[in-house]
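Undergrad: Have a peek at work13.csv (CSV, C-alpha atoms).
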chain,number,residue,atom,x,y,z
A,1,ASP,CA,-32.5,59.3,90.0
A,2,TRP,CA,-35.9,60.9,89.4
A,3,GLU,CA,-34.7,64.2,90.8
A,4,LYS,CA,-32.1,64.5,87.9
A,5,SER,CA,-34.0,62.8,85.1
A,6,ASP,CA,-35.5,64.8,82.3
A,7,LEU,CA,-38.1,62.1,81.9
A,8,CYS,CA,-39.6,62.8,85.4
A,9,ASP,CA,-41.6,66.0,86.0
A,10,VAL,CA,-43.6,65.1,89.0
A,11,VAL,CA,-43.2,62.4,91.7
A,12,MET,CA,-46.4,60.9,93.1
A,13,LEU,CA,-46.5,59.1,96.4
A,14,ARG,CA,-49.4,56.7,96.9
A,15,SER,CA,-50.2,53.3,98.5
A,16,ASN,CA,-51.2,50.1,96.9
A,17,SER,CA,-53.3,49.4,99.9
A,18,ARG,CA,-57.0,50.2,100.0
A,19,LYS,CA,-56.9,50.8,103.7
A,20,ALA,CA,-53.9,52.9,104.3
A,21,PHE,CA,-51.4,55.3,102.8
A,22,CYS,CA,-49.0,54.3,105.6
A,23,ALA,CA,-49.9,53.6,109.2
A,24,GLY,CA,-46.4,53.9,110.6
A,25,GLY,CA,-43.2,52.0,111.1
A,26,ASP,CA,-42.6,48.8,113.2
A,27,VAL,CA,-41.9,50.4,116.5
A,28,VAL,CA,-42.4,47.1,118.2
A,29,GLN,CA,-39.3,45.7,116.5
A,30,VAL,CA,-37.4,48.9,117.3
A,31,SER,CA,-38.2,48.4,121.0
A,32,ARG,CA,-37.2,44.8,120.9
A,33,ASP,CA,-33.9,45.6,119.1
A,34,TRP,CA,-33.1,48.2,121.8
A,35,ARG,CA,-33.9,46.0,124.7
A,36,ASP,CA,-32.0,43.1,123.1
A,37,GLY,CA,-28.9,45.2,123.0
A,38,ASN,CA,-29.1,46.0,119.3
A,39,LYS,CA,-29.1,49.7,120.0
A,40,ALA,CA,-27.3,50.8,116.8
A,41,GLN,CA,-29.9,48.9,114.7
A,42,ALA,CA,-32.7,50.5,116.6
A,43,MET,CA,-31.3,54.0,116.0
A,44,GLU,CA,-30.6,53.2,112.4
A,45,PHE,CA,-34.4,52.9,111.9
A,46,PHE,CA,-35.0,56.5,113.0
A,47,ARG,CA,-31.9,57.8,111.2
A,48,THR,CA,-33.0,56.3,107.9
A,49,GLU,CA,-36.6,57.3,108.4
A,50,TYR,CA,-35.7,60.9,109.1
A,51,LYS,CA,-33.4,61.1,106.1
A,52,VAL,CA,-36.2,60.0,103.9
A,53,ASN,CA,-38.6,62.6,105.5
A,54,HIS,CA,-36.0,65.4,105.1
A,55,HIS,CA,-35.3,64.3,101.5
A,56,ILE,CA,-39.0,64.7,100.7
A,57,ALA,CA,-39.1,68.1,102.3
A,58,THR,CA,-36.1,69.4,100.3
A,59,TYR,CA,-36.8,67.5,97.0
A,60,LYS,CA,-36.0,69.6,93.9
A,61,LYS,CA,-39.0,68.4,92.0
A,62,PRO,CA,-42.8,68.6,92.8
A,63,ILE,CA,-44.1,65.7,94.9
A,64,VAL,CA,-47.8,64.9,95.1
A,65,ALA,CA,-48.7,62.7,98.1
A,66,MET,CA,-52.1,60.9,97.9
A,67,LEU,CA,-53.5,60.6,101.4
A,68,ASP,CA,-56.1,57.8,100.9
A,69,GLY,CA,-56.7,55.8,104.0
A,70,PHE,CA,-54.8,55.7,107.3
A,71,THR,CA,-52.0,58.2,107.4
A,72,MET,CA,-50.4,58.0,110.9
A,73,GLY,CA,-47.0,58.2,112.5
A,74,GLY,CA,-44.4,57.4,109.9
A,75,GLY,CA,-47.0,57.8,107.1
A,76,VAL,CA,-47.3,61.4,108.1
A,77,GLY,CA,-43.6,61.9,107.6
A,78,LEU,CA,-43.9,60.5,104.1
A,79,SER,CA,-46.6,62.9,103.1
A,80,VAL,CA,-46.8,66.1,105.1
A,81,HIS,CA,-43.5,67.5,103.9
A,82,ALA,CA,-44.6,67.3,100.2
A,83,PRO,CA,-45.7,70.5,98.6
A,84,PHE,CA,-48.9,68.8,97.4
A,85,ARG,CA,-50.9,66.7,99.8
A,86,VAL,CA,-54.2,65.3,98.4
A,87,ALA,CA,-56.7,63.9,101.0
A,88,SER,CA,-59.6,61.7,100.1
A,89,GLU,CA,-62.8,60.8,102.1
A,90,ASN,CA,-60.9,57.8,103.3
A,91,ALA,CA,-58.0,59.8,104.8
A,92,VAL,CA,-57.4,59.4,108.6
A,93,PHE,CA,-54.6,61.4,110.1
A,94,ALA,CA,-53.2,61.1,113.6
A,95,MET,CA,-49.9,61.5,115.5
A,96,PRO,CA,-50.6,59.2,118.5
A,97,GLU,CA,-47.1,58.9,119.8
A,98,THR,CA,-47.7,60.2,123.3
A,99,LYS,CA,-49.9,57.2,123.8
A,100,ILE,CA,-46.9,54.9,123.4
A,101,GLY,CA,-44.6,57.0,125.5
A,102,PHE,CA,-42.8,58.5,122.5
A,103,PHE,CA,-43.2,62.0,120.9
A,104,PRO,CA,-44.5,63.2,117.5
A,105,ASP,CA,-41.5,62.8,115.2
A,106,VAL,CA,-40.9,62.4,111.4
A,107,GLY,CA,-40.6,66.2,111.2
A,108,ALA,CA,-43.5,67.0,113.5
A,109,THR,CA,-41.1,69.3,115.4
A,110,PHE,CA,-41.2,71.4,112.3
A,111,PHE,CA,-44.7,71.0,110.8
A,112,LEU,CA,-47.0,70.9,113.8
A,113,PRO,CA,-46.0,74.3,115.2
A,114,ARG,CA,-46.6,75.8,111.7
A,115,LEU,CA,-50.2,74.8,111.6
A,116,ASP,CA,-52.7,77.5,112.4
A,117,GLY,CA,-52.7,78.8,116.0
A,118,GLU,CA,-52.4,76.0,118.6
A,119,LEU,CA,-53.9,73.4,116.4
A,120,GLY,CA,-50.6,71.5,115.9
A,121,VAL,CA,-49.9,71.5,119.7
A,122,TYR,CA,-53.4,70.1,120.3
A,123,LEU,CA,-52.9,67.3,117.7
A,124,GLY,CA,-49.4,66.5,118.9
A,125,LEU,CA,-50.4,66.2,122.6
A,126,THR,CA,-53.8,64.4,122.2
A,127,GLY,CA,-53.2,62.2,119.1
A,128,GLN,CA,-56.7,63.3,117.9
A,129,LYS,CA,-57.8,61.8,114.6
A,130,LEU,CA,-58.8,64.0,111.7
A,131,LYS,CA,-60.7,62.5,108.8
A,132,GLY,CA,-61.4,63.5,105.2
A,133,ARG,CA,-61.8,67.2,104.6
A,134,ASP,CA,-60.6,67.9,108.2
A,135,LEU,CA,-57.1,67.4,106.8
A,136,LEU,CA,-57.7,70.3,104.3
A,137,TYR,CA,-59.1,72.7,106.9
A,138,ALA,CA,-56.3,71.9,109.4
A,139,GLY,CA,-53.6,72.6,106.8
A,140,ILE,CA,-52.3,69.1,106.7
A,141,ALA,CA,-53.7,68.5,103.2
A,142,THR,CA,-53.5,71.1,100.4
A,143,HIS,CA,-56.4,69.6,98.4
A,144,TYR,CA,-59.5,67.4,98.8
A,145,VAL,CA,-60.1,64.9,96.0
A,146,PRO,CA,-62.5,62.0,96.3
A,147,SER,CA,-60.8,58.6,95.8
A,148,GLU,CA,-62.9,57.8,92.7
A,149,ARG,CA,-61.1,60.7,90.9
A,150,HIS,CA,-57.6,59.7,91.9
A,151,ALA,CA,-56.9,57.6,88.7
A,152,LEU,CA,-58.0,60.4,86.5
A,153,LEU,CA,-55.9,62.9,88.5
A,154,GLU,CA,-52.9,60.6,88.1
A,155,GLN,CA,-53.4,60.4,84.4
A,156,ARG,CA,-53.7,64.2,84.2
A,157,LEU,CA,-50.4,64.7,86.1
A,158,GLN,CA,-48.7,62.1,83.9
A,159,GLY,CA,-49.6,64.0,80.8
A,160,LEU,CA,-48.9,67.5,82.2
A,161,GLY,CA,-45.3,67.6,80.9
A,162,THR,CA,-44.0,70.2,83.4
A,163,SER,CA,-42.5,70.6,86.8
A,164,ASP,CA,-44.1,74.0,87.3
A,165,TYR,CA,-45.7,74.2,90.7
A,166,THR,CA,-48.5,76.5,89.7
A,167,ALA,CA,-49.4,74.4,86.7
A,168,ILE,CA,-49.5,71.3,88.9
A,169,ASN,CA,-51.7,73.1,91.5
A,170,LEU,CA,-54.2,74.1,88.9
A,171,ALA,CA,-54.3,70.6,87.5
A,172,ILE,CA,-55.1,69.2,90.9
A,173,GLU,CA,-57.7,71.9,91.4
A,174,GLU,CA,-59.6,70.5,88.4
A,175,PHE,CA,-60.5,67.4,90.5
A,176,VAL,CA,-61.3,68.9,93.9
A,177,ALA,CA,-64.7,68.5,95.5
A,178,GLN,CA,-66.8,70.8,97.6
A,179,PRO,CA,-68.5,69.5,100.8
A,180,GLU,CA,-71.6,67.4,99.9
A,181,ASN,CA,-73.6,68.6,102.9
A,182,SER,CA,-73.5,72.3,103.7
A,183,GLN,CA,-76.3,71.7,106.2
A,184,SER,CA,-74.2,69.6,108.5
A,185,GLU,CA,-73.7,70.8,112.1
A,186,ASP,CA,-70.0,71.4,111.3
A,187,PHE,CA,-70.8,73.8,108.4
A,188,VAL,CA,-69.6,77.2,109.4
A,189,GLY,CA,-69.9,79.2,106.2
A,190,VAL,CA,-67.7,80.2,103.3
A,191,VAL,CA,-64.1,81.4,103.4
A,192,ASN,CA,-62.5,82.7,100.1
A,193,ASP,CA,-65.6,81.2,98.3
A,194,VAL,CA,-64.8,77.8,99.8
A,195,PRO,CA,-67.5,76.1,102.0
A,196,ILE,CA,-66.1,75.1,105.4
A,197,ASP,CA,-67.2,71.8,106.9
A,198,PHE,CA,-64.7,71.1,109.7
A,199,SER,CA,-65.3,68.8,112.6
A,200,LEU,CA,-63.3,71.1,114.9
A,201,ALA,CA,-65.0,74.3,113.8
A,202,SER,CA,-67.1,74.7,116.9
A,203,VAL,CA,-64.1,74.4,119.2
A,204,ARG,CA,-61.4,75.9,117.0
A,205,ASP,CA,-61.1,79.1,119.1
A,206,VAL,CA,-61.2,77.2,122.3
A,207,ILE,CA,-58.3,75.1,121.2
A,208,ASP,CA,-56.2,78.2,120.9
A,209,ILE,CA,-57.3,79.4,124.4
A,210,CYS,CA,-56.6,76.1,126.1
A,211,PHE,CA,-53.3,75.1,124.3
A,212,LYS,CA,-51.6,78.5,124.3
A,213,PHE,CA,-49.8,77.8,127.6
A,214,ASN,CA,-46.2,76.6,128.0
A,215,THR,CA,-46.9,74.0,130.7
A,216,ILE,CA,-49.1,70.9,130.6
A,217,GLU,CA,-50.4,71.8,134.0
A,218,ALA,CA,-51.8,75.1,132.7
A,219,ILE,CA,-53.3,73.4,129.6
A,220,MET,CA,-55.0,70.8,131.8
A,221,GLN,CA,-56.3,73.6,134.1
A,222,ALA,CA,-57.7,75.5,131.1
A,223,LEU,CA,-59.5,72.4,129.9
A,224,THR,CA,-60.9,71.8,133.3
A,225,GLU,CA,-62.3,75.4,133.4
A,226,VAL,CA,-63.9,75.0,130.0
A,227,ALA,CA,-65.3,71.6,130.9
A,228,ASN,CA,-67.0,73.1,134.0
A,229,GLN,CA,-68.7,75.9,132.0
A,230,PRO,CA,-72.0,75.5,130.2
A,231,GLY,CA,-71.7,75.6,126.4
A,232,PRO,CA,-70.9,73.5,123.4
A,233,ALA,CA,-67.2,73.3,124.2
A,234,SER,CA,-67.7,71.7,127.6
A,235,GLU,CA,-68.0,68.1,126.4
A,236,TRP,CA,-65.0,68.6,124.0
A,237,ALA,CA,-62.9,69.9,126.9
A,238,GLN,CA,-63.7,67.0,129.2
A,239,LYS,CA,-63.0,64.5,126.4
A,240,THR,CA,-59.7,66.2,125.6
A,241,TYR,CA,-58.7,66.2,129.3
A,242,ASP,CA,-59.5,62.5,129.6
A,243,GLN,CA,-57.5,61.8,126.4
A,244,MET,CA,-54.4,63.5,127.8
A,245,ASN,CA,-54.7,61.7,131.1
A,246,GLN,CA,-54.2,58.4,129.1
A,247,MET,CA,-50.9,59.6,127.7
A,248,SER,CA,-47.5,59.2,129.1
A,249,PRO,CA,-47.0,62.2,131.4
A,250,SER,CA,-43.4,62.6,130.5
A,251,SER,CA,-44.2,62.3,126.8
A,252,LEU,CA,-46.7,65.2,127.2
A,253,LYS,CA,-44.2,67.5,128.8
A,254,LEU,CA,-41.5,66.4,126.3
A,255,THR,CA,-43.8,67.0,123.4
A,256,LEU,CA,-44.9,70.5,124.5
A,257,GLU,CA,-41.3,71.6,124.9
A,258,GLN,CA,-40.3,70.0,121.6
A,259,LEU,CA,-43.1,71.8,119.6
A,260,ARG,CA,-42.4,75.2,121.3
A,261,ARG,CA,-38.7,74.9,120.3
A,262,GLY,CA,-39.6,73.6,116.9
A,263,ALA,CA,-41.4,76.8,116.0
A,264,GLN,CA,-37.9,78.5,116.0
A,265,LEU,CA,-35.9,75.7,114.3
A,266,ASP,CA,-35.1,75.3,110.6
A,267,ILE,CA,-36.0,72.0,108.9
A,268,GLN,CA,-32.6,70.5,109.4
A,269,LYS,CA,-32.2,71.4,113.1
A,270,ALA,CA,-35.7,70.0,113.7
A,271,PHE,CA,-34.8,66.5,112.4
A,272,GLU,CA,-31.5,66.6,114.2
A,273,LEU,CA,-33.3,67.4,117.5
A,274,GLU,CA,-35.7,64.5,116.8
A,275,LEU,CA,-32.8,62.1,116.4
A,276,VAL,CA,-31.5,63.1,119.8
A,277,LEU,CA,-34.9,62.9,121.4
A,278,ALA,CA,-35.5,59.4,119.9
A,279,GLU,CA,-32.4,58.0,121.4
A,280,ARG,CA,-33.1,59.5,124.8
A,281,ARG,CA,-36.6,58.2,124.6
A,282,LEU,CA,-35.4,54.7,123.9
A,283,GLU,CA,-33.5,54.9,127.1
A,284,SER,CA,-36.7,55.6,129.0
A,285,HIS,CA,-39.2,53.3,130.7
A,286,ASP,CA,-42.3,54.8,129.2
A,287,MET,CA,-41.6,54.2,125.5
A,288,HIS,CA,-41.2,50.4,125.9
A,289,GLU,CA,-44.0,50.2,128.4
A,290,GLY,CA,-46.3,52.1,126.1
A,291,ILE,CA,-45.5,50.0,123.1
A,292,ASP,CA,-46.0,46.8,125.0
A,293,ALA,CA,-49.3,47.9,126.5
A,294,LEU,CA,-50.8,49.3,123.3
A,295,LEU,CA,-49.3,47.2,120.5
A,296,VAL,CA,-48.1,43.9,122.1
A,297,ARG,CA,-50.3,43.1,125.1
A,298,LYS,CA,-53.1,45.3,123.6
A,299,THR,CA,-54.4,46.0,127.1
A,300,ASN,CA,-54.0,49.8,126.9
A,301,ASP,CA,-53.1,49.8,130.6
A,302,ALA,CA,-49.6,51.2,130.5
A,303,ALA,CA,-48.0,51.8,133.9
A,304,TRP,CA,-46.3,55.2,133.3
A,305,ASP,CA,-43.3,56.3,135.3
A,306,PRO,CA,-43.7,59.0,136.5
A,307,GLU,CA,-47.4,58.2,136.8
A,308,ASN,CA,-48.8,61.7,136.6
A,309,ILE,CA,-47.7,65.1,135.2
A,310,ASN,CA,-47.1,66.6,138.7
A,311,ALA,CA,-44.4,63.9,139.3
A,312,VAL,CA,-42.5,64.8,136.1
A,313,ASP,CA,-39.6,67.1,137.1
A,314,ILE,CA,-39.4,69.6,134.2
A,315,ARG,CA,-35.9,70.7,135.1
A,316,GLU,CA,-34.7,67.1,134.9
A,317,LEU,CA,-36.5,66.6,131.6
A,318,TYR,CA,-34.9,69.7,130.1
A,319,SER,CA,-31.5,68.5,131.2
A,320,GLN,CA,-32.0,65.0,129.9
A,321,TYR,CA,-33.5,65.9,126.5
A,322,PHE,CA,-32.5,69.4,125.5
A,323,GLU,CA,-29.4,70.5,127.3
A,324,GLY,CA,-25.7,69.6,127.0
A,325,ASP,CA,-23.8,68.6,123.9
A,326,HIS,CA,-25.5,65.8,122.0
A,327,GLU,CA,-23.3,64.2,119.4
A,328,THR,CA,-25.1,63.7,116.1
A,329,THR,CA,-23.8,62.6,112.7
A,330,PRO,CA,-24.6,65.1,110.0
A,331,LEU,CA,-27.5,63.6,108.1
A,332,TYR,CA,-28.9,66.2,105.8
A,333,LEU,CA,-26.2,67.5,103.5
A,334,GLY,CA,-26.6,69.1,100.1
A,335,SER,CA,-29.7,71.2,100.8
A,336,THR,CA,-30.4,74.7,102.2
A,337,PRO,CA,-32.3,74.7,105.5
A,338,PHE,CA,-35.5,76.7,105.6
A,339,THR,CA,-37.7,77.9,108.4
A,340,GLU,CA,-40.9,77.9,106.4
A,341,TYR,CA,-41.9,75.5,103.7
A,342,PRO,CA,-40.9,77.0,100.3
A,343,HIS,CA,-44.2,76.1,98.6
A,344,LYS,CA,-47.6,76.9,100.2
A,345,PHE,CA,-50.8,75.7,98.6
A,346,GLY,CA,-54.2,74.9,100.0
A,347,LEU,CA,-56.7,77.1,101.8
Hey, can you dump this file as structure tokens for me?
TA:
Amino acid sequence: DWEKSDLCDVVMLRSNSRKAFCAGGDVVQVSRDWRDGNKAQAMEFFRTEYKVNHHIATYKKPIVAMLDGFTMGGGVGLSVHAPFRVASENAVFAMPETKIGFFPDVGATFFLPRLDGELGVYLGLTGQKLKGRDLLYAGIATHYVPSERHALLEQRLQGLGTSDYTAINLAIEEFVAQPENSQSEDFVGVVNDVPIDFSLASVRDVIDICFKFNTIEAIMQALTEVANQPGPASEWAQKTYDQMNQMSPSSLKLTLEQLRRGAQLDIQKAFELELVLAERRLESHDMHEGIDALLVRKTNDAAWDPENINAVDIRELYSQYFEGDHETTPLYLGSTPFTEYPHKFGL
């Protein structure tokens, strides 16, 4: 057990793939298991996954996750809860679950609401991709280190001989890189002596304005208003509106309520809620339809039911997913729940 071994000071999570850290789990098989009547097996997938995510979040030794390549869905859960999250130029982050009729899970209930402003709500609802340094400025990564330096960084950490978080942070800082092009259109200046080159910089304030509401209808209305106004945010607002119109309407409403509640939950309660939501979502039409359309048929033409946000009865959704007594088996014993990550590094 690395957590108890004196020979282990730091745990590093990295992929052997040149394309991805982890692009997510096999939800196609989960859907098949459920529809074939193997419901316990389908739920065991989520139960095991969330246990691993929670274990990473509460691990007693430093974990360094190397986000080099696609980091989506389940891959986010394996990385974002670690105290050190190192993104490279190859990193691509996304939580696209609403597009398959699901909801952002693997602890997104906890970590998305704790990103700056309404950024987490925006990412959770739209499935928007972030690349490279974007992950650092969004607060998803704690450091940006080009992939060509990863081998040297790993050697440095192996020879460090300590589990001290400050020492590990300083060691990683030795390998970080500044933006190559401070003349790019996304360059917005310097914060704490760090040049900022963020693809969402020009619309960052508008994201907070549009996604501050507690209903999907109000968010869509705000996007419409921005799209109809002259200015640099108009095109972004129209694109975002169109993105959300592709998602499962019930998933959008479920996700917004999930994230609003998640802001008040501790890490353990967040995962417990997700296990309830996962089972309820497996009982829905949209999850299986979305998986089939996007991942099996690959036609991207899901027939959602209800078909639009106005047809989703929010009171019925609350009753189905959030109210009443939901029996859950205790999963996360032996750790103290927290409402904020105990270690905060990065910008």
Undergrad: From the list A:Arg47, A:Phe175, A:Met220, A:Pro146, which residue is nearest Gln243 (chain A) when using all atoms listed in the file?
TA: A:Met220
Undergrad: What are the closest atom pairs, with distances in Å to one decimal, for each residue of region 99-179 of chain A lying within 12 Å of region 304-322 of chain A, using all atoms listed in the file, rows by chain and rising residue number, as JSON lines?
TA:
{"residue": "A:Lys99", "atom": "CA", "partner": "A:Trp304", "partner_atom": "CA", "distance": 10.4}
{"residue": "A:Ile100", "atom": "CA", "partner": "A:Trp304", "partner_atom": "CA", "distance": 9.9}
{"residue": "A:Gly101", "atom": "CA", "partner": "A:Trp304", "partner_atom": "CA", "distance": 8.2}
{"residue": "A:Phe102", "atom": "CA", "partner": "A:Trp304", "partner_atom": "CA", "distance": 11.8}
{"residue": "A:Phe103", "atom": "CA", "partner": "A:Tyr321", "partner_atom": "CA", "distance": 11.9}
Undergrad: Would you list the contacts of Asp9 (chain A) as a PyMOL selection string, taking every protein, DNA or RNA residue within 10 Å and counting all atoms listed in the file, but skipping same-chain residues closer than 2 positions in sequence?
TA: chain A and resi 2-7+11-12+61-63+157-164+168
Undergrad: When distances are computed from only C-alpha atoms, which of A:Gln246, A:Tyr59, A:Leu282, A:Tyr165 shows the smallest separation from Asp1 (chain A)?
TA: A:Tyr59
Undergrad: Please indicate the distance in Å from CA of Thr98 (chain A) to CA of Glu279 (chain A), rounded to one decimal place.
TA: 15.6 Å
Undergrad: Give as a list in words each residue that has an atom at most 6 Å from (-31.1, 73.3, 109.1) in the file, counting only C-alpha atoms.
TA: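 Residues lying no farther than 6 Å from the given point: Asp266, Ile267, Gln268, Lys269 and Pro337 of chain A.
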Undergrad: What lies within 8 Å of Ala141 (chain A) using only C-alpha atoms, ignoring chain neighbours under 6 positions off, as number ranges by chain?
TA: A: 80, 84-87, 135, 346
Undergrad: With C-alpha atoms retained, write the just-selected residues as an mmCIF file, in the frame of the given file.
TA:
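Below you can see result-v7.cif, which holds the result:
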data_model
loop_
_atom_site.group_PDB
_atom_site.id
_atom_site.type_symbol
_atom_site.label_atom_id
_atom_site.label_comp_id
_atom_site.auth_asym_id
_atom_site.auth_seq_id
_atom_site.Cartn_x
_atom_site.Cartn_y
_atom_site.Cartn_z
ATOM 1 C CA VAL A 80 -46.800 66.100 105.100
ATOM 2 C CA PHE A 84 -48.900 68.800 97.400
ATOM 3 C CA ARG A 85 -50.900 66.700 99.800
ATOM 4 C CA VAL A 86 -54.200 65.300 98.400
ATOM 5 C CA ALA A 87 -56.700 63.900 101.000
ATOM 6 C CA LEU A 135 -57.100 67.400 106.800
ATOM 7 C CA GLY A 346 -54.200 74.900 100.000
#
Undergrad: Let me make sure I understand: among A:Ala218, A:Ala57, A:Leu252, A:Val27, which one has the smallest atom-to-atom distance to His81 (chain A) if we use all atoms listed in the file?
TA: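 That would be A:Ala57, the residue with the smallest distance to His81 (chain A).
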Undergrad: Nearest residue to Ala201 (chain A) out of A:Asp36, A:Ser284, A:Ala138, A:His150, using all atoms listed in the file?
TA: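 Smallest separation from Ala201 (chain A) among the options: A:Ala138.
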Undergrad: CA of Ala91 (chain A) to CA of Asp208 (chain A): how many Å, to one decimal?
TA: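 Atom-to-atom, CA of Ala91 (chain A) to CA of Asp208 (chain A), that is 24.5 Å.
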Undergrad: Could you check which of A:Leu115, A:Ile216, A:Leu277, A:Met95 is closest to Met43 (chain A), using only C-alpha atoms?
TA: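 Counting only C-alpha atoms, the residue closest to Met43 (chain A) is A:Leu277.
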Undergrad: Of the candidates A:Lys344, A:Pro96, A:Leu294, A:Leu152, which shows the shortest atom-to-atom distance to Gly139 (chain A), using all atoms listed in the file?
TA: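 For Gly139 (chain A), the nearest of the candidates is A:Lys344.
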